[in-house]
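Engineer: See protein-v2.txt below, with compact mmCIF, C-alpha atoms and all ligand atoms.
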```
# COMPACT_ATOMS: atom_id res chain seq x y z
CA MET A 1 0.00 0.00 0.00
CA LYS A 2 2.89 2.37 0.77
CA LEU A 3 4.38 1.74 -2.67
CA LEU A 4 1.13 2.82 -4.31
CA ILE A 5 1.12 6.10 -2.36
CA TRP A 6 4.74 6.79 -3.40
CA LEU A 7 3.86 6.02 -7.03
CA VAL A 8 1.00 8.52 -6.92
CA ILE A 9 3.25 11.16 -5.33
CA ALA A 10 5.96 10.50 -7.91
CA PHE A 11 3.42 10.81 -10.73
CA LEU A 12 2.05 14.07 -9.35
CA VAL A 13 5.56 15.54 -8.97
CA LEU A 14 6.48 14.43 -12.50
CA ALA A 15 3.28 15.93 -13.95
CA TRP A 16 3.92 19.19 -12.07
CA VAL A 17 7.53 19.40 -13.32
CA MET A 18 6.46 18.67 -16.92
CA ARG A 19 3.77 21.35 -16.77
CA SER A 20 6.07 23.98 -15.28
CA LYS A 21 8.67 23.30 -17.98
CA LYS A 22 6.20 23.81 -20.82
CA ALA A 23 4.70 27.03 -19.43
CA PRO A 24 7.09 29.20 -17.42
CA GLY A 25 4.09 31.05 -16.04
CA PRO A 26 2.76 34.57 -16.62
CA ASP A 27 4.95 36.05 -13.88
CA ALA A 28 8.25 35.33 -15.63
CA SER A 29 7.22 36.69 -19.04
CA ASP A 30 5.50 39.82 -17.73
CA GLN A 31 8.38 41.03 -15.56
CA ASN A 32 10.06 43.00 -18.35
CA LYS A 33 6.89 44.44 -19.86
CA PRO A 34 6.27 47.40 -17.49
CA LEU A 35 9.60 48.93 -18.56
CA ALA A 36 8.68 49.10 -22.26
CA PRO A 37 6.12 51.98 -22.25
CA ASP A 38 8.52 54.28 -20.36
CA ARG A 39 11.07 54.07 -23.16
CA ASN A 40 8.60 55.59 -25.63
CA ILE A 41 8.62 58.84 -23.66
CA PRO A 42 11.51 61.00 -24.92
CA PRO A 43 13.81 62.35 -22.22
CA GLU A 44 13.09 65.96 -21.29
CA PRO A 45 15.85 68.34 -22.41
CA ILE A 46 17.80 70.05 -19.64
CA LEU A 47 18.50 73.75 -20.22
CA GLN A 48 21.04 75.97 -18.52
CA CYS A 49 20.07 79.27 -16.92
CA ALA A 50 21.77 82.20 -18.68
CA ARG A 51 21.94 84.06 -15.35
CA CYS A 52 23.24 81.59 -12.75
CA GLY A 53 24.11 78.54 -14.84
CA LEU A 54 21.65 76.27 -13.06
CA HIS A 55 20.36 73.33 -15.11
CA VAL A 56 16.56 73.10 -15.25
CA PRO A 57 14.13 70.86 -17.16
CA ALA A 58 12.70 72.52 -20.28
CA SER A 59 9.17 72.44 -18.80
CA GLU A 60 10.30 74.50 -15.77
CA ALA A 61 12.57 76.89 -17.65
CA VAL A 62 11.61 80.51 -18.29
CA THR A 63 12.34 81.59 -21.85
CA HIS A 64 12.87 85.18 -22.94
CA ALA A 65 11.88 86.54 -26.35
CA SER A 66 15.58 86.77 -27.26
CA GLY A 67 15.89 83.02 -26.88
CA SER A 68 17.73 83.09 -23.56
CA VAL A 69 16.68 80.53 -20.99
CA PHE A 70 16.45 81.12 -17.25
CA CYS A 71 15.78 78.98 -14.21
CA SER A 72 13.22 81.39 -12.80
CA GLU A 73 11.18 84.49 -13.60
CA GLU A 74 13.38 86.44 -11.17
CA HIS A 75 16.57 85.69 -13.11
CA ARG A 76 14.87 86.59 -16.37
CA ARG A 77 13.91 89.98 -14.92
CA GLN A 78 17.45 90.53 -13.59
CA SER A 79 18.92 89.93 -17.06
CA PHE A 80 16.24 91.87 -18.94
CA PRO A 81 14.95 94.51 -16.47
CA GLY A 82 12.93 96.29 -19.13
CA ALA A 83 11.14 93.22 -20.45
ZN ZN A 101 19.12 81.16 -12.70
```
As C-alpha cells, what does this structure read like?

Structural biologist:
Amino acid sequence: MKLLIWLVIAFLVLAWVMRSKKAPGPDASDQNKPLAPDRNIPPEPILQCARCGLHVPASEAVTHASGSVFCSEEHRRQSFPGA
C-alpha cells in the first residue's frame, strides 16, 4: 500500500515538473513588460540658466523673447529689467 502512495506522489511531482517546464508562467514573461512603455517617452531636455548657470528641465525653464533661458522668472527679470 505504501508503494502505491509513493507512485501517486511521484506521478504528481512528474506531472507538475512537466507542466512547469512547458509554461514558465505569466509572472516570468511579464516582468520586463512594465519597462517598455517608459522608453517611448523621450527624455526631457535640460536647459542651462543664462543668469546663474543652473540646469533646469525645459518644462520648468523661463524663456525670454531673445531666446535666452532662465531657471526662474526672477533671473529673467534681472537679465532683462525692461522686459
Ligand atoms: Zn538662474

Engineer: Let me see if you get this right: every residue at most 10 Å from ligand ZN 101 (chain A), counting only C-alpha atoms and all ligand atoms, written as a list in words.

Structural biologist: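 Checking only C-alpha atoms and all ligand atoms against ligand ZN 101 (chain A) at 10 Å gives Gln48, Cys49, Ala50, Arg51, Cys52, Gly53, Leu54, His55, Val56, Ala61, Val62, Val69, Phe70, Cys71, Ser72, Glu73, Glu74, His75, Arg76, Gln78 and Ser79 of chain A.
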
Engineer: With a distance cut-off of 6 Å and only C-alpha atoms, select the neighbouring residues of Ala58 (chain A), excluding the residue or stretch itself and same-chain residues fewer than 5 positions from it, and output the selection as an mmCIF file with C-alpha atoms, keeping the file's coordinate frame.

Structural biologist:
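What follows is the written file selection.cif:
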```cif
data_model
loop_
_atom_site.group_PDB
_atom_site.id
_atom_site.type_symbol
_atom_site.label_atom_id
_atom_site.label_comp_id
_atom_site.auth_asym_id
_atom_site.auth_seq_id
_atom_site.Cartn_x
_atom_site.Cartn_y
_atom_site.Cartn_z
ATOM 1 C CA PRO A 45 15.850 68.340 -22.410
ATOM 2 C CA ILE A 46 17.800 70.050 -19.640
ATOM 3 C CA LEU A 47 18.500 73.750 -20.220
#
```

Engineer: May I ask which of the residues A:Glu60, A:Trp6, A:Met1, A:Phe80 is the closest one to Glu44 (chain A), counting all atoms listed in the file?

Structural biologist: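 Going through A:Glu60, A:Trp6, A:Met1, A:Phe80 one by one, the smallest distance to Glu44 (chain A) is for A:Glu60.
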
Engineer: Just how far from CA of Ser59 (chain A) is CA of Gly82 (chain A), in Å to one decimal?

Structural biologist: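 Computing it gives 24.1 Å between the two atoms.
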
Engineer: To one decimal in Å, tell me the separation between CA of Gly67 (chain A) and CA of Pro81 (chain A).

Structural biologist: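 Taking CA of Gly67 (chain A) as the start and CA of Pro81 (chain A) as the end point, the length is 15.5 Å.
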